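Structure first, then comments.
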Amino acid sequence: MSDGVTLAREASSRDPAVGLRAVRALRELADRLENLQVAGARERGWTWQEIADALGVSRQAVHKKHGGGRRLGREK
Amino acid sequence: MFERFSRDARAAVVGAQAFGRELRARRITTGHLLYAVAAGEDDAAAALRAAGATPIRLRDAIERGAADPLDPEALRAIGVDLAAVRDAAEAEFGPGALDAPDASGPYRLRGPVFADDAKKALELSLRQTLKARQKRIEAGHVLLGLIQDERFASVRLLTEAGVDVAALRADVTTRLRAAA
(Lines give C-alpha, C1' and ligand atoms only; values in the text may rest on other atoms or scores of the structure.)
Protein backbone atom coordinates (compact mmCIF):
# COMPACT_ATOMS: atom_id res chain seq x y z
CA MET A 1 0.00 0.00 0.00
CA SER A 2 1.50 3.31 -1.04
CA ASP A 3 1.89 6.25 1.32
CA GLY A 4 -0.37 8.28 -0.92
CA VAL A 5 -3.26 5.88 -0.44
CA THR A 6 -2.67 5.65 3.31
CA LEU A 7 -2.59 9.41 3.60
CA ALA A 8 -5.69 9.74 1.48
CA ARG A 9 -7.47 7.14 3.61
CA GLU A 10 -6.70 9.01 6.77
CA ALA A 11 -7.90 12.22 5.19
CA SER A 12 -11.13 10.62 4.05
CA SER A 13 -11.89 9.27 7.49
CA ARG A 14 -11.96 12.87 8.67
CA ASP A 15 -13.98 14.22 5.80
CA PRO A 16 -17.35 12.58 5.19
CA ALA A 17 -17.66 14.51 1.91
CA VAL A 18 -14.83 12.48 0.37
CA GLY A 19 -16.24 9.20 1.65
CA LEU A 20 -19.69 10.02 0.32
CA ARG A 21 -18.29 11.05 -3.05
CA ALA A 22 -16.48 7.73 -3.15
CA VAL A 23 -19.72 5.84 -2.45
CA ARG A 24 -21.41 7.69 -5.29
CA ALA A 25 -18.53 6.99 -7.65
CA LEU A 26 -18.58 3.31 -6.65
CA ARG A 27 -22.27 3.08 -7.53
CA GLU A 28 -21.57 4.59 -10.94
CA LEU A 29 -18.62 2.25 -11.39
CA ALA A 30 -20.69 -0.78 -10.37
CA ASP A 31 -23.42 0.24 -12.84
CA ARG A 32 -20.98 0.50 -15.70
CA LEU A 33 -19.29 -2.80 -14.87
CA GLU A 34 -22.71 -4.44 -14.62
CA ASN A 35 -23.64 -3.17 -18.10
CA LEU A 36 -20.40 -4.55 -19.54
CA GLN A 37 -20.63 -7.89 -17.78
CA VAL A 38 -24.30 -8.46 -18.56
CA ALA A 39 -23.76 -7.62 -22.25
CA GLY A 40 -20.75 -9.96 -22.27
CA ALA A 41 -22.72 -12.78 -20.66
CA ARG A 42 -25.60 -12.35 -23.13
CA GLU A 43 -23.16 -12.53 -26.03
CA ARG A 44 -21.91 -15.80 -24.64
CA GLY A 45 -25.45 -17.11 -24.55
CA TRP A 46 -26.27 -16.79 -20.86
CA THR A 47 -30.00 -16.68 -20.11
CA TRP A 48 -31.53 -13.82 -18.13
CA GLN A 49 -32.17 -16.31 -15.33
CA GLU A 50 -28.51 -17.30 -15.16
CA ILE A 51 -27.41 -13.68 -15.12
CA ALA A 52 -29.98 -12.84 -12.44
CA ASP A 53 -28.79 -15.75 -10.26
CA ALA A 54 -25.18 -14.63 -10.59
CA LEU A 55 -26.11 -11.04 -9.64
CA GLY A 56 -28.38 -12.16 -6.82
CA VAL A 57 -31.44 -10.34 -8.18
CA SER A 58 -34.70 -11.42 -9.80
CA ARG A 59 -34.90 -12.29 -13.47
CA GLN A 60 -37.50 -9.54 -13.92
CA ALA A 61 -35.17 -6.95 -12.40
CA VAL A 62 -32.24 -7.81 -14.62
CA HIS A 63 -34.38 -8.03 -17.74
CA LYS A 64 -36.06 -4.72 -17.04
CA LYS A 65 -32.71 -3.01 -16.57
CA HIS A 66 -30.80 -4.56 -19.45
CA GLY A 67 -33.30 -6.13 -21.81
CA GLY A 68 -35.04 -3.02 -23.14
CA GLY A 69 -32.65 -2.09 -25.92
CA ARG A 70 -32.68 -5.47 -27.56
CA ARG A 71 -36.30 -5.59 -28.51
CA LEU A 72 -37.24 -3.12 -31.18
CA GLY A 73 -40.89 -4.14 -30.83
CA ARG A 74 -41.04 -2.52 -27.42
CA GLU A 75 -40.06 0.89 -28.69
CA LYS A 76 -42.73 3.56 -28.91
CA MET B 1 -47.95 14.93 -22.94
CA PHE B 2 -45.57 15.61 -25.84
CA GLU B 3 -48.43 16.30 -28.27
CA ARG B 4 -49.30 19.39 -26.21
CA PHE B 5 -45.86 20.90 -26.74
CA SER B 6 -45.58 23.94 -29.00
CA ARG B 7 -43.03 23.98 -31.80
CA ASP B 8 -40.56 25.94 -29.64
CA ALA B 9 -41.02 23.65 -26.63
CA ARG B 10 -40.43 20.60 -28.82
CA ALA B 11 -37.33 22.26 -30.23
CA ALA B 12 -36.07 22.68 -26.64
CA VAL B 13 -36.58 18.99 -25.83
CA VAL B 14 -34.98 17.84 -29.08
CA GLY B 15 -32.19 20.41 -28.65
CA ALA B 16 -31.46 19.13 -25.13
CA GLN B 17 -31.12 15.59 -26.50
CA ALA B 18 -28.77 16.76 -29.23
CA PHE B 19 -26.71 18.76 -26.75
CA GLY B 20 -26.45 15.83 -24.33
CA ARG B 21 -25.41 13.52 -27.13
CA GLU B 22 -22.81 16.04 -28.28
CA LEU B 23 -21.31 16.15 -24.77
CA ARG B 24 -21.51 12.33 -24.63
CA ALA B 25 -23.62 12.65 -21.49
CA ARG B 26 -25.17 9.48 -20.11
CA ARG B 27 -28.35 11.34 -19.14
CA ILE B 28 -30.17 14.44 -20.35
CA THR B 29 -30.24 16.82 -17.41
CA THR B 30 -32.13 19.99 -16.49
CA GLY B 31 -28.90 21.80 -17.46
CA HIS B 32 -29.10 20.46 -21.03
CA LEU B 33 -32.76 21.49 -21.20
CA LEU B 34 -31.95 24.96 -19.91
CA TYR B 35 -29.24 25.41 -22.53
CA ALA B 36 -31.65 24.29 -25.28
CA VAL B 37 -34.33 26.77 -24.11
CA ALA B 38 -31.72 29.56 -24.08
CA ALA B 39 -30.58 28.62 -27.57
CA GLY B 40 -34.13 29.01 -28.94
CA GLU B 41 -35.67 31.98 -30.73
CA ASP B 42 -38.80 32.55 -28.68
CA ASP B 43 -39.82 34.60 -25.64
CA ALA B 44 -38.29 32.18 -23.15
CA ALA B 45 -34.89 32.48 -24.79
CA ALA B 46 -35.29 36.26 -24.86
CA ALA B 47 -36.10 36.29 -21.12
CA LEU B 48 -33.03 34.20 -20.34
CA ARG B 49 -30.78 36.43 -22.45
CA ALA B 50 -32.23 39.55 -20.87
CA ALA B 51 -31.35 38.09 -17.47
CA GLY B 52 -27.78 37.45 -18.59
CA ALA B 53 -28.05 33.69 -19.18
CA THR B 54 -26.85 33.45 -22.78
CA PRO B 55 -26.44 30.06 -24.46
CA ILE B 56 -22.66 30.53 -24.59
CA ARG B 57 -22.37 31.22 -20.86
CA LEU B 58 -24.61 28.29 -19.98
CA ARG B 59 -22.72 25.99 -22.28
CA ASP B 60 -19.39 26.93 -20.68
CA ALA B 61 -20.77 26.37 -17.19
CA ILE B 62 -22.26 22.98 -18.12
CA GLU B 63 -19.05 21.79 -19.73
CA ARG B 64 -17.02 22.90 -16.73
CA GLY B 65 -19.43 21.20 -14.34
CA ALA B 66 -19.43 17.88 -16.17
CA ALA B 67 -16.79 16.37 -13.92
CA ASP B 68 -15.94 12.69 -14.23
CA PRO B 69 -18.72 10.86 -12.34
CA LEU B 70 -16.26 8.10 -11.57
CA ASP B 71 -14.34 10.59 -9.40
CA PRO B 72 -10.88 8.94 -9.36
CA GLU B 73 -9.70 11.00 -6.37
CA ALA B 74 -12.55 9.94 -4.12
CA LEU B 75 -12.17 6.30 -5.16
CA ARG B 76 -8.47 6.48 -4.40
CA ALA B 77 -9.31 7.76 -0.93
CA ILE B 78 -11.12 4.50 -0.14
CA GLY B 79 -8.39 2.40 -1.72
CA VAL B 80 -9.90 1.75 -5.17
CA ASP B 81 -7.49 2.25 -8.03
CA LEU B 82 -9.71 3.36 -10.90
CA ALA B 83 -6.88 3.06 -13.41
CA ALA B 84 -6.49 -0.63 -12.51
CA VAL B 85 -10.23 -1.23 -12.81
CA ARG B 86 -10.24 0.57 -16.17
CA ASP B 87 -7.31 -1.51 -17.43
CA ALA B 88 -9.05 -4.74 -16.43
CA ALA B 89 -12.30 -3.67 -18.11
CA GLU B 90 -10.50 -2.65 -21.30
CA ALA B 91 -8.52 -5.89 -21.40
CA GLU B 92 -11.78 -7.82 -21.43
CA PHE B 93 -14.16 -5.52 -23.31
CA GLY B 94 -11.94 -3.33 -25.47
CA PRO B 95 -10.57 0.23 -25.39
CA GLY B 96 -12.84 2.80 -23.76
CA ALA B 97 -15.21 0.11 -22.47
CA LEU B 98 -15.65 1.73 -19.07
CA ASP B 99 -16.08 5.23 -20.46
CA ALA B 100 -18.25 4.66 -23.51
CA PRO B 101 -21.90 5.58 -23.11
CA ASP B 102 -23.92 2.47 -22.33
CA ALA B 103 -24.13 0.87 -25.75
CA SER B 104 -26.02 -2.25 -24.69
CA GLY B 105 -29.16 -0.65 -23.29
CA PRO B 106 -31.62 1.94 -24.55
CA TYR B 107 -28.74 4.30 -25.38
CA ARG B 108 -27.98 2.39 -28.54
CA LEU B 109 -31.39 3.18 -30.00
CA ARG B 110 -32.31 6.55 -28.61
CA GLY B 111 -29.19 8.20 -27.29
CA PRO B 112 -29.05 9.37 -23.69
CA VAL B 113 -32.33 9.13 -21.78
CA PHE B 114 -33.81 11.90 -19.64
CA ALA B 115 -32.62 12.00 -16.03
CA ASP B 116 -35.35 11.83 -13.37
CA ASP B 117 -35.13 15.52 -12.49
CA ALA B 118 -35.35 16.49 -16.17
CA LYS B 119 -38.51 14.38 -16.49
CA LYS B 120 -39.84 16.01 -13.35
CA ALA B 121 -39.13 19.49 -14.79
CA LEU B 122 -41.09 18.59 -17.94
CA GLU B 123 -44.00 17.38 -15.82
CA LEU B 124 -43.86 20.63 -13.87
CA SER B 125 -44.02 22.54 -17.16
CA LEU B 126 -47.28 20.75 -17.97
CA ARG B 127 -48.64 21.67 -14.55
CA GLN B 128 -47.63 25.30 -15.08
CA THR B 129 -49.53 25.27 -18.35
CA LEU B 130 -52.66 23.83 -16.77
CA LYS B 131 -52.46 26.24 -13.85
CA ALA B 132 -52.34 29.20 -16.24
CA ARG B 133 -55.30 27.65 -18.15
CA GLN B 134 -53.26 27.59 -21.32
CA LYS B 135 -53.55 24.86 -23.90
CA ARG B 136 -50.11 24.50 -25.34
CA ILE B 137 -46.90 23.92 -23.46
CA GLU B 138 -44.63 26.74 -24.61
CA ALA B 139 -40.85 26.90 -24.17
CA GLY B 140 -41.65 29.45 -21.43
CA HIS B 141 -43.56 26.79 -19.48
CA VAL B 142 -40.61 24.44 -19.85
CA LEU B 143 -38.42 27.21 -18.44
CA LEU B 144 -40.83 27.72 -15.52
CA GLY B 145 -40.63 23.97 -14.84
CA LEU B 146 -36.84 24.15 -14.89
CA ILE B 147 -36.75 26.91 -12.26
CA GLN B 148 -39.50 25.62 -10.01
CA ASP B 149 -37.41 23.29 -7.85
CA GLU B 150 -34.24 24.81 -6.45
CA ARG B 151 -32.62 21.37 -6.29
CA PHE B 152 -32.47 21.25 -10.09
CA ALA B 153 -29.08 21.77 -11.70
CA SER B 154 -30.78 24.33 -13.96
CA VAL B 155 -31.47 26.57 -10.95
CA ARG B 156 -27.89 26.23 -9.76
CA LEU B 157 -26.56 27.16 -13.20
CA LEU B 158 -28.72 30.28 -13.29
CA THR B 159 -27.81 31.33 -9.77
CA GLU B 160 -24.13 30.90 -10.56
CA ALA B 161 -24.59 33.04 -13.67
CA GLY B 162 -25.90 35.79 -11.40
CA VAL B 163 -29.53 35.46 -12.52
CA ASP B 164 -32.29 36.53 -10.12
CA VAL B 165 -34.49 33.44 -10.47
CA ALA B 166 -37.58 35.04 -8.91
CA ALA B 167 -37.34 38.01 -11.29
CA LEU B 168 -36.85 35.64 -14.23
CA ARG B 169 -39.95 33.69 -13.19
CA ALA B 170 -41.98 36.91 -13.09
CA ASP B 171 -40.66 38.01 -16.49
CA VAL B 172 -41.41 34.64 -18.15
CA THR B 173 -44.90 34.53 -16.60
CA THR B 174 -45.65 38.03 -17.93
CA ARG B 175 -44.41 37.18 -21.41
CA LEU B 176 -46.48 33.97 -21.47
CA ARG B 177 -49.59 35.83 -20.44
CA ALA B 178 -49.03 38.50 -23.09
CA ALA B 179 -48.56 35.87 -25.79
CA ALA B 180 -51.62 33.79 -24.83
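Identifiers in this document derive from the order of the C-alpha coordinates: chains are assigned A, B, ..., residues are numbered from 1 separately in each chain, and ligands are numbered from 1 in order of occurrence.
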
I need the residues in region 20-69 of chain B that are helix (DSSP H, G or I) according to DSSP; give them as a count of residues only. 31

Using only C-alpha atoms, which of the listed residues (A:Arg44, A:Leu20, A:Ile51, A:Leu26) sits closest to Lys65 (chain A)? A:Ile51

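Using only C-alpha atoms, the protein and nucleic acid residues lying no more than 7 Å from Ile137 (chain B), apart from those fewer than 4 places from it along its own chain, are B:Arg4, B:Phe5, B:Ser6, B:Ala9, B:Leu126, B:Thr129, B:His141.
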
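Residues surrounding Thr54 (chain B) within 8 Å are Ala38, Ala39, Leu48, Arg49 and Leu58 of chain B [only C-alpha atoms; sequence separation below 4 positions excluded].
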
From a backbone DSSP assignment, name each residue in chain B labelled strand (DSSP E), as an MDAnalysis selection string. chainID B and resid 27:28 113:114

Could you list, as a PyMOL selection string, every residue within 6 Å of Arg59 (chain A), counting only C-alpha atoms and ignoring same-chain residues fewer than 2 positions away? chain A and resi 48-49+52+61-62

With all heavy atoms retained, write the just-selected residues as a CSV table (one decimal), in the first residue's frame.
chain,number,residue,atom,x,y,z
A,48,TRP,N,-31.3,-14.9,-19.1
A,48,TRP,CA,-31.5,-13.8,-18.1
A,48,TRP,C,-31.6,-14.4,-16.7
A,48,TRP,O,-31.1,-13.8,-15.8
A,48,TRP,CB,-32.8,-13.1,-18.4
A,48,TRP,CG,-32.8,-12.2,-19.7
A,48,TRP,CD1,-33.5,-12.4,-20.8
A,48,TRP,CD2,-32.0,-11.1,-19.9
A,48,TRP,NE1,-33.1,-11.5,-21.7
A,48,TRP,CE2,-32.2,-10.6,-21.2
A,48,TRP,CE3,-31.0,-10.4,-19.1
A,48,TRP,CZ2,-31.6,-9.5,-21.7
A,48,TRP,CZ3,-30.4,-9.3,-19.6
A,48,TRP,CH2,-30.7,-8.8,-20.9
A,49,GLN,N,-32.1,-15.7,-16.6
A,49,GLN,CA,-32.2,-16.3,-15.3
A,49,GLN,C,-30.8,-16.6,-14.8
A,49,GLN,O,-30.5,-16.3,-13.6
A,49,GLN,CB,-33.0,-17.6,-15.4
A,49,GLN,CG,-33.2,-18.3,-14.1
A,49,GLN,CD,-34.1,-17.4,-13.2
A,49,GLN,OE1,-35.2,-17.1,-13.6
A,49,GLN,NE2,-33.6,-17.1,-12.0
A,52,ALA,N,-29.3,-13.3,-13.7
A,52,ALA,CA,-30.0,-12.8,-12.4
A,52,ALA,C,-29.5,-13.6,-11.2
A,52,ALA,O,-29.2,-13.0,-10.2
A,52,ALA,CB,-31.5,-13.0,-12.6
A,61,ALA,N,-36.0,-8.2,-12.7
A,61,ALA,CA,-35.2,-6.9,-12.4
A,61,ALA,C,-34.1,-6.8,-13.4
A,61,ALA,O,-33.8,-5.7,-14.0
A,61,ALA,CB,-34.6,-7.0,-11.0
A,62,VAL,N,-33.4,-7.9,-13.7
A,62,VAL,CA,-32.2,-7.8,-14.6
A,62,VAL,C,-32.7,-7.6,-16.1
A,62,VAL,O,-32.1,-6.8,-16.8
A,62,VAL,CB,-31.3,-9.1,-14.5
A,62,VAL,CG1,-31.9,-10.3,-15.2
A,62,VAL,CG2,-29.9,-8.8,-15.0
